[in-house]
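What follows is query-v3.tsv (TSV, C-alpha atoms (C1' of nucleotides)).
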```
chain	number	residue	atom	x	y	z
A	1	MET	CA	112.51	108.90	123.13
A	2	ASN	CA	110.15	110.11	120.43
A	3	ILE	CA	108.39	107.88	117.98
A	4	GLY	CA	110.86	108.57	115.20
A	5	ARG	CA	113.75	107.35	117.24
A	6	ALA	CA	111.80	104.32	118.46
A	7	SER	CA	110.96	103.60	114.87
A	8	LYS	CA	114.60	103.69	113.80
A	9	GLU	CA	115.75	101.60	116.70
A	10	SER	CA	113.07	98.98	116.31
A	11	GLY	CA	112.79	98.92	112.56
A	12	VAL	CA	109.04	99.44	112.85
A	13	ASN	CA	107.59	102.28	110.84
A	14	ALA	CA	106.21	105.11	112.97
A	15	LYS	CA	102.85	104.76	111.29
A	16	MET	CA	102.77	101.15	112.30
A	17	ILE	CA	103.72	101.94	115.87
A	18	ARG	CA	100.72	104.24	116.14
A	19	TYR	CA	98.56	101.59	114.53
A	20	TYR	CA	99.73	98.89	116.90
A	21	GLU	CA	98.85	101.19	119.75
A	22	GLU	CA	95.47	101.98	118.28
A	23	VAL	CA	94.47	98.35	117.93
A	24	GLY	CA	95.82	97.46	121.33
A	25	LEU	CA	98.76	95.31	120.33
A	26	ILE	CA	100.97	97.53	122.45
A	27	GLU	CA	100.21	99.73	125.42
A	28	LYS	CA	99.34	103.35	124.88
A	29	ALA	CA	102.57	105.26	124.96
A	30	ALA	CA	103.23	107.88	127.59
A	31	ARG	CA	103.00	111.42	126.32
A	32	SER	CA	105.25	114.41	126.70
A	33	PRO	CA	103.65	117.65	127.88
A	34	SER	CA	103.24	118.64	124.26
A	35	GLY	CA	101.52	115.40	123.34
A	36	TYR	CA	104.43	113.55	121.76
A	37	ARG	CA	104.53	109.82	122.37
A	38	SER	CA	107.43	108.80	124.55
A	39	TYR	CA	109.13	105.41	124.43
A	40	ARG	CA	111.47	103.59	126.76
A	41	PRO	CA	114.06	101.07	125.65
A	42	CYS	CA	111.82	98.25	126.80
A	43	ASP	CA	109.13	99.52	124.45
A	44	VAL	CA	111.61	99.38	121.62
A	45	HIS	CA	112.38	95.85	122.68
A	46	THR	CA	108.73	94.95	122.36
A	47	LEU	CA	108.55	96.59	118.96
A	48	ARG	CA	111.52	94.56	117.78
A	49	PHE	CA	109.78	91.45	119.02
A	50	ILE	CA	106.75	92.38	116.97
A	51	LYS	CA	108.85	93.16	113.94
A	52	ARG	CA	110.56	89.79	114.08
A	53	ALA	CA	107.27	88.02	114.51
A	54	ARG	CA	105.87	89.88	111.50
A	55	ASP	CA	108.94	88.85	109.55
A	56	PHE	CA	108.02	85.28	110.36
A	57	GLY	CA	104.61	85.98	108.90
A	58	PHE	CA	102.62	85.85	112.11
A	59	SER	CA	99.37	87.77	112.06
A	60	MET	CA	98.89	90.50	114.59
A	61	GLU	CA	96.43	88.32	116.41
A	62	LYS	CA	99.00	85.58	116.83
A	63	ILE	CA	101.57	88.13	117.79
A	64	ALA	CA	99.35	89.24	120.63
A	65	ASP	CA	99.41	85.64	121.84
A	66	LEU	CA	103.16	85.44	121.43
A	67	LEU	CA	103.63	88.65	123.36
A	68	ALA	CA	101.52	87.29	126.18
A	69	LEU	CA	103.61	84.13	126.26
A	70	TRP	CA	106.78	86.15	126.14
A	71	ARG	CA	105.73	88.14	129.16
A	72	ASP	CA	104.58	85.07	131.03
A	73	ARG	CA	107.56	83.66	132.81
A	74	GLU	CA	105.52	80.63	133.73
A	75	ARG	CA	104.70	79.84	130.14
A	76	ALA	CA	105.00	76.31	128.85
A	77	SER	CA	107.28	76.11	125.83
A	78	GLY	CA	104.73	73.65	124.48
A	79	ASP	CA	102.29	76.51	124.04
A	80	VAL	CA	104.79	78.50	122.04
A	81	LYS	CA	105.70	75.51	119.97
A	82	ARG	CA	102.08	74.77	119.24
A	83	LEU	CA	101.49	78.32	118.05
A	84	ALA	CA	104.59	78.15	115.91
A	85	LEU	CA	103.72	74.83	114.35
A	86	GLU	CA	100.19	75.92	113.64
A	87	HIS	CA	101.67	78.83	111.80
A	88	VAL	CA	104.04	76.57	109.92
A	89	ASP	CA	101.03	74.54	108.86
A	90	ALA	CA	99.27	77.64	107.63
A	91	LEU	CA	102.37	78.66	105.72
A	92	ASP	CA	102.71	75.23	104.18
A	93	THR	CA	99.10	75.29	103.10
A	94	LYS	CA	99.57	78.63	101.44
A	95	ILE	CA	102.78	77.46	99.81
A	96	ALA	CA	101.06	74.39	98.44
A	97	LYS	CA	98.31	76.50	96.90
A	98	LEU	CA	100.76	78.84	95.27
A	99	GLN	CA	102.81	75.95	93.98
A	100	THR	CA	99.76	74.37	92.47
A	101	MET	CA	99.06	77.60	90.62
A	102	ALA	CA	102.64	78.12	89.56
A	103	ASN	CA	103.10	74.57	88.35
A	104	ALA	CA	99.86	74.51	86.40
A	105	LEU	CA	100.77	77.78	84.78
A	106	ARG	CA	104.31	76.67	84.06
A	107	HIS	CA	102.93	73.56	82.43
A	108	LEU	CA	100.62	75.55	80.21
A	109	ALA	CA	103.34	78.02	79.34
A	110	ALA	CA	105.64	75.19	78.38
A	111	HIS	CA	103.12	74.18	75.77
A	112	CYS	CA	102.65	77.69	74.45
A	113	GLY	CA	104.53	78.63	71.34
A	114	GLY	CA	105.20	82.09	72.64
A	115	ASP	CA	105.44	83.41	69.15
A	116	GLU	CA	103.43	85.66	66.87
A	117	ARG	CA	100.60	83.21	66.35
A	118	PRO	CA	97.45	83.55	68.42
A	119	ASP	CA	97.05	79.93	69.44
A	120	CYS	CA	97.80	79.57	73.09
A	121	PRO	CA	96.93	76.83	75.55
A	122	ILE	CA	96.99	79.31	78.39
A	123	ILE	CA	94.21	81.47	77.03
A	124	GLU	CA	92.39	78.39	75.84
A	125	THR	CA	92.44	76.87	79.29
A	126	LEU	CA	91.12	80.03	80.85
A	127	ALA	CA	88.42	80.25	78.21
A	128	ALA	CA	87.46	76.59	78.21
A	129	GLU	CA	83.75	76.04	77.71
A	130	GLU	CA	83.45	73.29	80.21
A	131	ARG	CA	82.07	73.73	83.67
A	132	PRO	CA	85.08	74.68	85.59
A	133	PRO	CA	85.57	74.99	89.27
A	134	ASP	CA	83.04	72.39	90.13
A	135	ARG	CA	85.93	70.66	91.68
A	136	LEU	CA	86.42	73.48	94.07
A	137	HIS	CA	82.98	73.43	95.47
A	138	LYS	CA	81.14	70.35	94.63
A	139	ALA	CA	78.40	72.05	92.69
A	140	ASP	CA	75.65	70.15	90.96
A	141	ARG	CA	77.03	68.73	87.83
A	142	ARG	CA	73.68	68.09	86.16
A	143	GLU	CA	73.11	69.57	82.80
A	144	ARG	CA	76.23	69.74	80.76
A	145	LEU	CA	75.81	72.46	78.33
A	146	GLY	CA	76.05	71.44	74.78
A	147	GLY	CA	76.56	67.96	73.59
A	148	ARG	CA	80.15	68.53	72.84
A	149	ALA	CA	82.10	66.88	75.19
B	1	MET	CA	69.40	85.58	82.90
B	2	ASN	CA	69.55	87.30	86.27
B	3	ILE	CA	72.68	87.77	88.29
B	4	GLY	CA	71.94	84.83	90.57
B	5	ARG	CA	71.81	82.42	87.69
B	6	ALA	CA	74.91	83.93	86.11
B	7	SER	CA	76.60	83.56	89.44
B	8	LYS	CA	75.72	79.89	89.70
B	9	GLU	CA	76.70	79.16	86.14
B	10	SER	CA	79.99	80.98	86.32
B	11	GLY	CA	80.95	80.17	89.86
B	12	VAL	CA	81.49	83.86	90.54
B	13	ASN	CA	79.68	85.28	93.54
B	14	ALA	CA	76.99	87.81	92.65
B	15	LYS	CA	78.66	90.40	94.82
B	16	MET	CA	81.82	89.93	92.87
B	17	ILE	CA	80.03	90.24	89.55
B	18	ARG	CA	78.69	93.61	90.60
B	19	TYR	CA	82.13	94.59	91.81
B	20	TYR	CA	83.78	93.56	88.55
B	21	GLU	CA	81.28	95.70	86.75
B	22	GLU	CA	81.85	98.62	89.05
B	23	VAL	CA	85.59	98.65	88.57
B	24	GLY	CA	85.29	98.14	84.84
B	25	LEU	CA	86.67	94.63	84.54
B	26	ILE	CA	83.49	93.66	82.73
B	27	GLU	CA	81.01	95.69	80.75
B	28	LYS	CA	78.00	97.17	82.46
B	29	ALA	CA	75.28	94.60	82.27
B	30	ALA	CA	72.06	95.29	80.42
B	31	ARG	CA	69.10	95.93	82.67
B	32	SER	CA	65.58	94.60	82.69
B	33	PRO	CA	62.74	97.14	82.86
B	34	SER	CA	62.73	96.71	86.61
B	35	GLY	CA	66.44	97.35	86.92
B	36	TYR	CA	67.68	93.78	87.24
B	37	ARG	CA	71.00	93.04	85.58
B	38	SER	CA	70.64	90.72	82.63
B	39	TYR	CA	73.33	88.35	81.42
B	40	ARG	CA	73.84	86.40	78.21
B	41	PRO	CA	75.67	83.10	77.99
B	42	CYS	CA	78.71	84.89	76.58
B	43	ASP	CA	78.81	87.04	79.70
B	44	VAL	CA	78.85	83.90	81.79
B	45	HIS	CA	81.68	82.69	79.64
B	46	THR	CA	83.65	85.80	80.44
B	47	LEU	CA	82.92	85.38	84.12
B	48	ARG	CA	84.20	81.84	84.01
B	49	PHE	CA	87.34	83.10	82.32
B	50	ILE	CA	87.80	85.56	85.15
B	51	LYS	CA	87.15	82.92	87.75
B	52	ARG	CA	89.75	80.61	86.31
B	53	ALA	CA	92.27	83.40	86.09
B	54	ARG	CA	91.61	84.26	89.72
B	55	ASP	CA	92.09	80.63	90.60
B	56	PHE	CA	95.51	80.91	89.03
B	57	GLY	CA	96.17	83.83	91.30
B	58	PHE	CA	96.17	86.57	88.69
B	59	SER	CA	95.36	90.03	89.97
B	60	MET	CA	92.39	91.81	88.50
B	61	GLU	CA	94.74	94.12	86.68
B	62	LYS	CA	96.44	91.21	84.96
B	63	ILE	CA	93.09	89.66	84.27
B	64	ALA	CA	92.07	92.79	82.40
B	65	ASP	CA	95.14	92.25	80.21
B	66	LEU	CA	94.32	88.59	79.74
B	67	LEU	CA	90.77	89.42	78.78
B	68	ALA	CA	92.02	91.87	76.19
B	69	LEU	CA	94.32	89.24	74.76
B	70	TRP	CA	91.55	86.69	74.79
B	71	ARG	CA	89.33	88.98	72.76
B	72	ASP	CA	92.09	89.88	70.37
B	73	ARG	CA	92.12	87.29	67.66
B	74	GLU	CA	95.35	88.76	66.35
B	75	ARG	CA	97.13	88.33	69.65
B	76	ALA	CA	100.60	86.90	69.77
B	77	SER	CA	100.80	83.89	72.04
B	78	GLY	CA	104.14	85.31	73.11
B	79	ASP	CA	102.28	88.12	74.88
B	80	VAL	CA	100.15	85.68	76.79
B	81	LYS	CA	103.13	83.56	77.67
B	82	ARG	CA	105.04	86.57	78.92
B	83	LEU	CA	102.18	87.57	81.18
B	84	ALA	CA	101.91	84.05	82.47
B	85	LEU	CA	105.59	83.67	83.14
B	86	GLU	CA	105.78	87.01	84.90
B	87	HIS	CA	103.06	85.77	87.14
B	88	VAL	CA	104.87	82.51	87.70
B	89	ASP	CA	107.87	84.55	88.77
B	90	ALA	CA	105.79	86.52	91.20
B	91	LEU	CA	104.35	83.31	92.60
B	92	ASP	CA	107.79	81.77	92.95
B	93	THR	CA	109.04	84.82	94.78
B	94	LYS	CA	106.16	84.65	97.20
B	95	ILE	CA	106.67	80.94	97.65
B	96	ALA	CA	110.33	81.43	98.42
B	97	LYS	CA	109.54	84.01	101.08
B	98	LEU	CA	107.00	81.78	102.73
B	99	GLN	CA	109.35	78.84	102.64
B	100	THR	CA	112.06	80.87	104.28
B	101	MET	CA	109.67	81.71	107.08
B	102	ALA	CA	108.36	78.20	107.42
B	103	ASN	CA	111.79	76.63	107.43
B	104	ALA	CA	113.22	79.05	109.95
B	105	LEU	CA	110.27	78.47	112.20
B	106	ARG	CA	110.45	74.72	111.77
B	107	HIS	CA	114.07	74.83	112.70
B	108	LEU	CA	113.38	76.77	115.86
B	109	ALA	CA	110.46	74.55	116.77
B	110	ALA	CA	112.64	71.49	116.34
B	111	HIS	CA	114.85	72.85	119.09
B	112	CYS	CA	112.00	73.69	121.39
B	113	GLY	CA	111.24	71.25	124.15
B	114	GLY	CA	107.53	71.78	123.78
B	115	ASP	CA	106.97	70.84	127.36
B	116	GLU	CA	105.95	72.57	130.56
B	117	ARG	CA	109.17	74.49	130.98
B	118	PRO	CA	109.32	78.09	129.85
B	119	ASP	CA	112.61	77.94	127.97
B	120	CYS	CA	111.95	78.23	124.30
B	121	PRO	CA	114.23	79.14	121.43
B	122	ILE	CA	111.30	80.47	119.47
B	123	ILE	CA	110.40	83.15	121.97
B	124	GLU	CA	114.04	83.80	122.63
B	125	THR	CA	114.73	84.42	118.97
B	126	LEU	CA	111.84	86.81	118.70
B	127	ALA	CA	112.96	88.61	121.82
B	128	ALA	CA	116.68	88.68	121.01
B	129	GLU	CA	118.35	91.84	122.18
B	130	GLU	CA	120.48	92.19	119.13
B	131	ARG	CA	119.90	94.52	116.32
B	132	PRO	CA	116.90	93.60	114.32
B	133	PRO	CA	117.12	90.53	112.25
B	134	ASP	CA	117.74	92.63	109.22
B	135	ARG	CA	116.54	89.69	107.28
B	136	LEU	CA	115.83	86.22	108.16
B	137	HIS	CA	116.89	85.11	104.78
B	138	LYS	CA	120.36	84.10	105.40
B	139	ALA	CA	118.82	82.75	108.50
B	140	ASP	CA	121.54	80.62	109.81
B	141	ARG	CA	122.98	82.69	112.51
B	142	ARG	CA	124.62	80.24	114.80
B	143	GLU	CA	122.71	79.58	117.87
B	144	ARG	CA	123.82	81.81	120.51
B	145	LEU	CA	120.68	81.36	122.35
B	146	GLY	CA	121.95	79.83	125.49
B	147	GLY	CA	124.22	82.50	126.76
B	148	ARG	CA	121.99	85.44	126.79
B	149	ALA	CA	120.48	86.83	129.79
C	1	DC	C1'	47.14	89.11	98.37
C	2	DT	C1'	50.68	87.07	100.76
C	3	DT	C1'	54.93	84.78	101.02
C	4	DG	C1'	59.43	84.19	100.06
C	5	DA	C1'	63.05	84.23	96.85
C	6	DC	C1'	65.42	87.31	94.32
C	7	DC	C1'	67.12	91.75	93.05
C	8	DT	C1'	68.71	96.72	93.86
C	9	DT	C1'	71.88	100.31	96.14
C	10	DC	C1'	74.53	101.82	99.99
C	11	DC	C1'	77.49	101.31	103.92
C	12	DC	C1'	80.86	98.81	106.56
C	13	DA	C1'	84.68	95.53	107.61
C	14	DT	C1'	88.61	92.83	106.76
C	15	DG	C1'	94.70	93.05	107.44
C	16	DA	C1'	98.66	95.45	107.31
C	17	DT	C1'	100.56	99.10	105.30
C	18	DA	C1'	101.20	103.57	103.50
C	19	DG	C1'	100.46	108.40	101.54
C	20	DG	C1'	99.10	112.92	102.45
C	21	DA	C1'	96.92	117.22	104.51
C	22	DA	C1'	96.60	120.53	108.12
C	23	DG	C1'	98.41	122.12	112.00
C	24	DG	C1'	101.31	122.16	116.48
C	25	DC	C1'	106.06	121.70	118.57
C	26	DC	C1'	111.09	121.95	118.96
C	27	DT	C1'	115.63	123.38	117.98
C	28	DA	C1'	119.29	125.51	115.75
C	29	DC	C1'	120.88	129.40	113.80
C	30	DC	C1'	121.16	134.35	112.65
D	1	DG	C1'	113.23	137.63	118.78
D	2	DG	C1'	112.27	135.47	114.42
D	3	DT	C1'	112.40	131.84	111.27
D	4	DA	C1'	113.44	127.54	108.78
D	5	DG	C1'	112.65	123.02	108.69
D	6	DG	C1'	112.30	118.71	110.88
D	7	DC	C1'	109.59	116.29	113.90
D	8	DC	C1'	105.20	115.32	115.91
D	9	DT	C1'	99.98	115.14	116.17
D	10	DT	C1'	95.23	113.64	114.30
D	11	DC	C1'	92.29	112.58	110.53
D	12	DC	C1'	91.20	110.93	106.00
D	13	DT	C1'	92.16	108.07	102.04
D	14	DA	C1'	93.71	104.06	99.55
D	15	DT	C1'	95.16	99.52	98.75
D	16	DC	C1'	93.06	94.30	97.07
D	17	DA	C1'	89.37	91.12	96.76
D	18	DT	C1'	85.89	89.61	99.34
D	19	DG	C1'	81.82	89.52	101.85
D	20	DG	C1'	78.05	90.81	105.52
D	21	DG	C1'	74.05	93.22	106.20
D	22	DA	C1'	70.28	96.80	105.94
D	23	DA	C1'	66.44	98.89	103.62
D	24	DG	C1'	63.62	98.49	100.06
D	25	DG	C1'	61.81	97.12	95.16
D	26	DT	C1'	60.27	92.99	92.02
D	27	DC	C1'	58.54	88.70	90.72
D	28	DA	C1'	56.34	84.15	90.65
D	29	DA	C1'	53.74	80.71	92.92
D	30	DG	C1'	50.17	79.52	95.97
```

Take the structure I supplied and represent it as structure tokens, if you would.
Amino acid sequence: MNIGRASKESGVNAKMIRYYEEVGLIEKAARSPSGYRSYRPCDVHTLRFIKRARDFGFSMEKIADLLALWRDRERASGDVKRLALEHVDALDTKIAKLQTMANALRHLAAHCGGDERPDCPIIETLAAEERPPDRLHKADRRERLGGRA
Amino acid sequence: MNIGRASKESGVNAKMIRYYEEVGLIEKAARSPSGYRSYRPCDVHTLRFIKRARDFGFSMEKIADLLALWRDRERASGDVKRLALEHVDALDTKIAKLQTMANALRHLAAHCGGDERPDCPIIETLAAEERPPDRLHKADRRERLGGRA
DNA sequence: CTTGACCTTCCCATGATAGGAAGGCCTACC
DNA sequence: GGTAGGCCTTCCTATCATGGGAAGGTCAAG
């Protein structure tokens, strides 16, 4: 089948199929005499695997590992589980970061009048004079600027 | 002061300062006779504002809006609040997606032996023959993992 | 005058996805 | 046979924010 059909059946955009081939995530497709890529059902199966893995948020690099495990009938389920749990960890880390942002912002917004007046703790926090992200990277906290504070 | 100093004082990487200038997020810096960019304390202040906004996860586009509001003494705090809450919504949406992924994966991993045997519900879910997972929201499709072949 | 830290511009890469242009191929229909 | 139009091809561009690195100019201290 042509790439369009494979795309429909797998749910993977044709552009992405070509890209996956280009970067080596999938084998180079066979070509018809006229140069069209040709796919077998098992290729579509692989593409669906990739699509599901992407839906789980796996990077293409991890997906390459998952594909290898999938194809390895001697695989240890422990290896799959490890990959999966590492990914869960990464997701949790990202979630925590986003929640920190969202909660901080929600807190500030809760204290913002949200009316016609200009006073706003959100803007004021962003514009605060103090040294800011020192917390994020342990910079030298020496000279505070200005005695106010 | 030179860009390196401004970078240290603001916490914004020098490369990023140049980039912000290039895309118009900040004004073009004044130049010394030899072509070095020159920054005033108020420029550093702006950079810190940007850094904090980035730490909150705002896109550069939104930051441009926030900067405009910051500079507008006649601003309505309601405008700031709206921006902030829109962003909170976006964050929450992203969080929800990630949590869906993480939870689904955790669930699968919980049912994976994680031993030397190859059988693994994680791989089997990814490789399922059925029509694409359409969405893994609504994730709870009963486990029909055992009977497939 | 040399050294080394700093600055400049320019190019490239990331990750995954997508849009579009220019041109070839295929098929259905008249 | 001719043509419309849908599919395919490659190639280029862009996203978003970040950063690496090269080649070369500038500056201050020794």

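Here CA of Cys42 in chain A stands at a distance of 21.3 Å from CA of Phe56 in chain A.
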
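Residues in contact with DG20 in chain C at 12 Å, where only C-alpha atoms (C1' of nucleotides) are counted and same-chain residues fewer than 2 positions away are skipped, are listed as DA18 and DA22 of chain C; DC11, DC12, DT13 and DA14 of chain D.
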
> Residues of chain B within 9 Å of chain D, using only C-alpha atoms (C1' of nucleotides), as a PyMOL selection string?
Replying inline: chain B and resi 15-16+34+36+59-60

Distance limit 9 Å, atoms considered: all atoms listed in the file. Which chain C residues sit that close to chain B? Return them as a JSON list (two decimals) with C-alpha atoms (C1' of nucleotides), keeping the file's coordinate frame.
```
[["chain", "number", "residue", "atom", "x", "y", "z"],
["C", 6, "DC", "C1'", 65.42, 87.31, 94.32],
["C", 7, "DC", "C1'", 67.12, 91.75, 93.05],
["C", 8, "DT", "C1'", 68.71, 96.72, 93.86]]
```

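In this comparison, chain B was overlaid on chain A using all C-alpha atoms paired by position, and the resulting RMSD is 4.4 Å.
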
How big is the axis-aligned box around all listed atoms of range 6-10 of chain C once 5 Å goes on each side, and where's its centre, in Å to one decimal, as AutoDock Vina command-line options?
```
--center_x 70.0 --center_y 94.6 --center_z 96.5 --size_x 19.1 --size_y 24.5 --size_z 16.9
```

>> When you look at Arg52 in chain B with a cut-off of 12 Å (counting all atoms listed in the file), what residues show up, excluding the ones that are within fewer than 4 positions of it in the same chain? I need them as an MDAnalysis selection string.
In response: (chainID A and resid 101 104:105 122:136) or (chainID B and resid 10:12 45:48 56:60 63 66:67)

Writer output for current selection, C-alpha atoms, as a compact mmCIF listing (two decimals), in the coordinates of the input:
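selection_6.txt written:
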```
# COMPACT_ATOMS: atom_id res chain seq x y z
CA MET A 101 99.06 77.60 90.62
CA ALA A 104 99.86 74.51 86.40
CA LEU A 105 100.77 77.78 84.78
CA ILE A 122 96.99 79.31 78.39
CA ILE A 123 94.21 81.47 77.03
CA GLU A 124 92.39 78.39 75.84
CA THR A 125 92.44 76.87 79.29
CA LEU A 126 91.12 80.03 80.85
CA ALA A 127 88.42 80.25 78.21
CA ALA A 128 87.46 76.59 78.21
CA GLU A 129 83.75 76.04 77.71
CA GLU A 130 83.45 73.29 80.21
CA ARG A 131 82.07 73.73 83.67
CA PRO A 132 85.08 74.68 85.59
CA PRO A 133 85.57 74.99 89.27
CA ASP A 134 83.04 72.39 90.13
CA ARG A 135 85.93 70.66 91.68
CA LEU A 136 86.42 73.48 94.07
CA SER B 10 79.99 80.98 86.32
CA GLY B 11 80.95 80.17 89.86
CA VAL B 12 81.49 83.86 90.54
CA HIS B 45 81.68 82.69 79.64
CA THR B 46 83.65 85.80 80.44
CA LEU B 47 82.92 85.38 84.12
CA ARG B 48 84.20 81.84 84.01
CA PHE B 56 95.51 80.91 89.03
CA GLY B 57 96.17 83.83 91.30
CA PHE B 58 96.17 86.57 88.69
CA SER B 59 95.36 90.03 89.97
CA MET B 60 92.39 91.81 88.50
CA ILE B 63 93.09 89.66 84.27
CA LEU B 66 94.32 88.59 79.74
CA LEU B 67 90.77 89.42 78.78
```

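Shortest atom-to-atom contact with chain B among A:Arg54, A:His107, A:His87, A:Arg75: A:Arg75, counting all atoms listed in the file.
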
> By how many Å are CA of Asp92 in chain A and CA of Leu98 in chain B apart?
Replying inline: 8.0 Å

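For the pair CA of Ala29 in chain B and C1' of DG4 in chain C, the separation is 26.0 Å.
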
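The smallest atom-to-atom distance between Ser77 in chain B and any of A:Ala109, A:Ala14, A:Ala30, A:Val44, using all atoms listed in the file, is found for A:Ala109.
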
Filled-in N, CA and C atoms of range 71-82 of chain A, supplied as a PDB file, in the coordinates of the input:
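This went into result26.pdb:
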```
ATOM      1  N   ARG A  71     105.761  87.446 127.868  1.00  0.00           N
ATOM      2  CA  ARG A  71     105.730  88.140 129.160  1.00  0.00           C
ATOM      3  C   ARG A  71     105.413  87.206 130.318  1.00  0.00           C
ATOM      4  N   ASP A  72     104.948  86.016 129.985  1.00  0.00           N
ATOM      5  CA  ASP A  72     104.580  85.070 131.030  1.00  0.00           C
ATOM      6  C   ASP A  72     105.761  84.180 131.359  1.00  0.00           C
ATOM      7  N   ARG A  73     106.380  84.445 132.461  1.00  0.00           N
ATOM      8  CA  ARG A  73     107.560  83.660 132.810  1.00  0.00           C
ATOM      9  C   ARG A  73     107.204  82.214 133.167  1.00  0.00           C
ATOM     10  N   GLU A  74     105.950  81.991 133.389  1.00  0.00           N
ATOM     11  CA  GLU A  74     105.520  80.630 133.730  1.00  0.00           C
ATOM     12  C   GLU A  74     105.028  79.877 132.497  1.00  0.00           C
ATOM     13  N   ARG A  75     105.226  80.454 131.359  1.00  0.00           N
ATOM     14  CA  ARG A  75     104.700  79.840 130.140  1.00  0.00           C
ATOM     15  C   ARG A  75     105.257  78.417 129.964  1.00  0.00           C
ATOM     16  N   ALA A  76     104.502  77.618 129.248  1.00  0.00           N
ATOM     17  CA  ALA A  76     105.000  76.310 128.850  1.00  0.00           C
ATOM     18  C   ALA A  76     105.509  76.446 127.409  1.00  0.00           C
ATOM     19  N   SER A  77     106.727  75.988 127.190  1.00  0.00           N
ATOM     20  CA  SER A  77     107.280  76.110 125.830  1.00  0.00           C
ATOM     21  C   SER A  77     106.405  75.360 124.836  1.00  0.00           C
ATOM     22  N   GLY A  78     105.652  74.376 125.345  1.00  0.00           N
ATOM     23  CA  GLY A  78     104.730  73.650 124.480  1.00  0.00           C
ATOM     24  C   GLY A  78     103.707  74.563 123.840  1.00  0.00           C
ATOM     25  N   ASP A  79     103.276  75.573 124.584  1.00  0.00           N
ATOM     26  CA  ASP A  79     102.290  76.510 124.040  1.00  0.00           C
ATOM     27  C   ASP A  79     102.883  77.322 122.898  1.00  0.00           C
ATOM     28  N   VAL A  80     104.123  77.733 123.093  1.00  0.00           N
ATOM     29  CA  VAL A  80     104.790  78.500 122.040  1.00  0.00           C
ATOM     30  C   VAL A  80     104.980  77.613 120.823  1.00  0.00           C
ATOM     31  N   LYS A  81     105.438  76.427 121.083  1.00  0.00           N
ATOM     32  CA  LYS A  81     105.700  75.510 119.970  1.00  0.00           C
ATOM     33  C   LYS A  81     104.427  75.216 119.190  1.00  0.00           C
ATOM     34  N   ARG A  82     103.351  75.047 119.907  1.00  0.00           N
ATOM     35  CA  ARG A  82     102.080  74.770 119.240  1.00  0.00           C
ATOM     36  C   ARG A  82     101.700  75.928 118.316  1.00  0.00           C
TER      37      ARG A  82
END
```
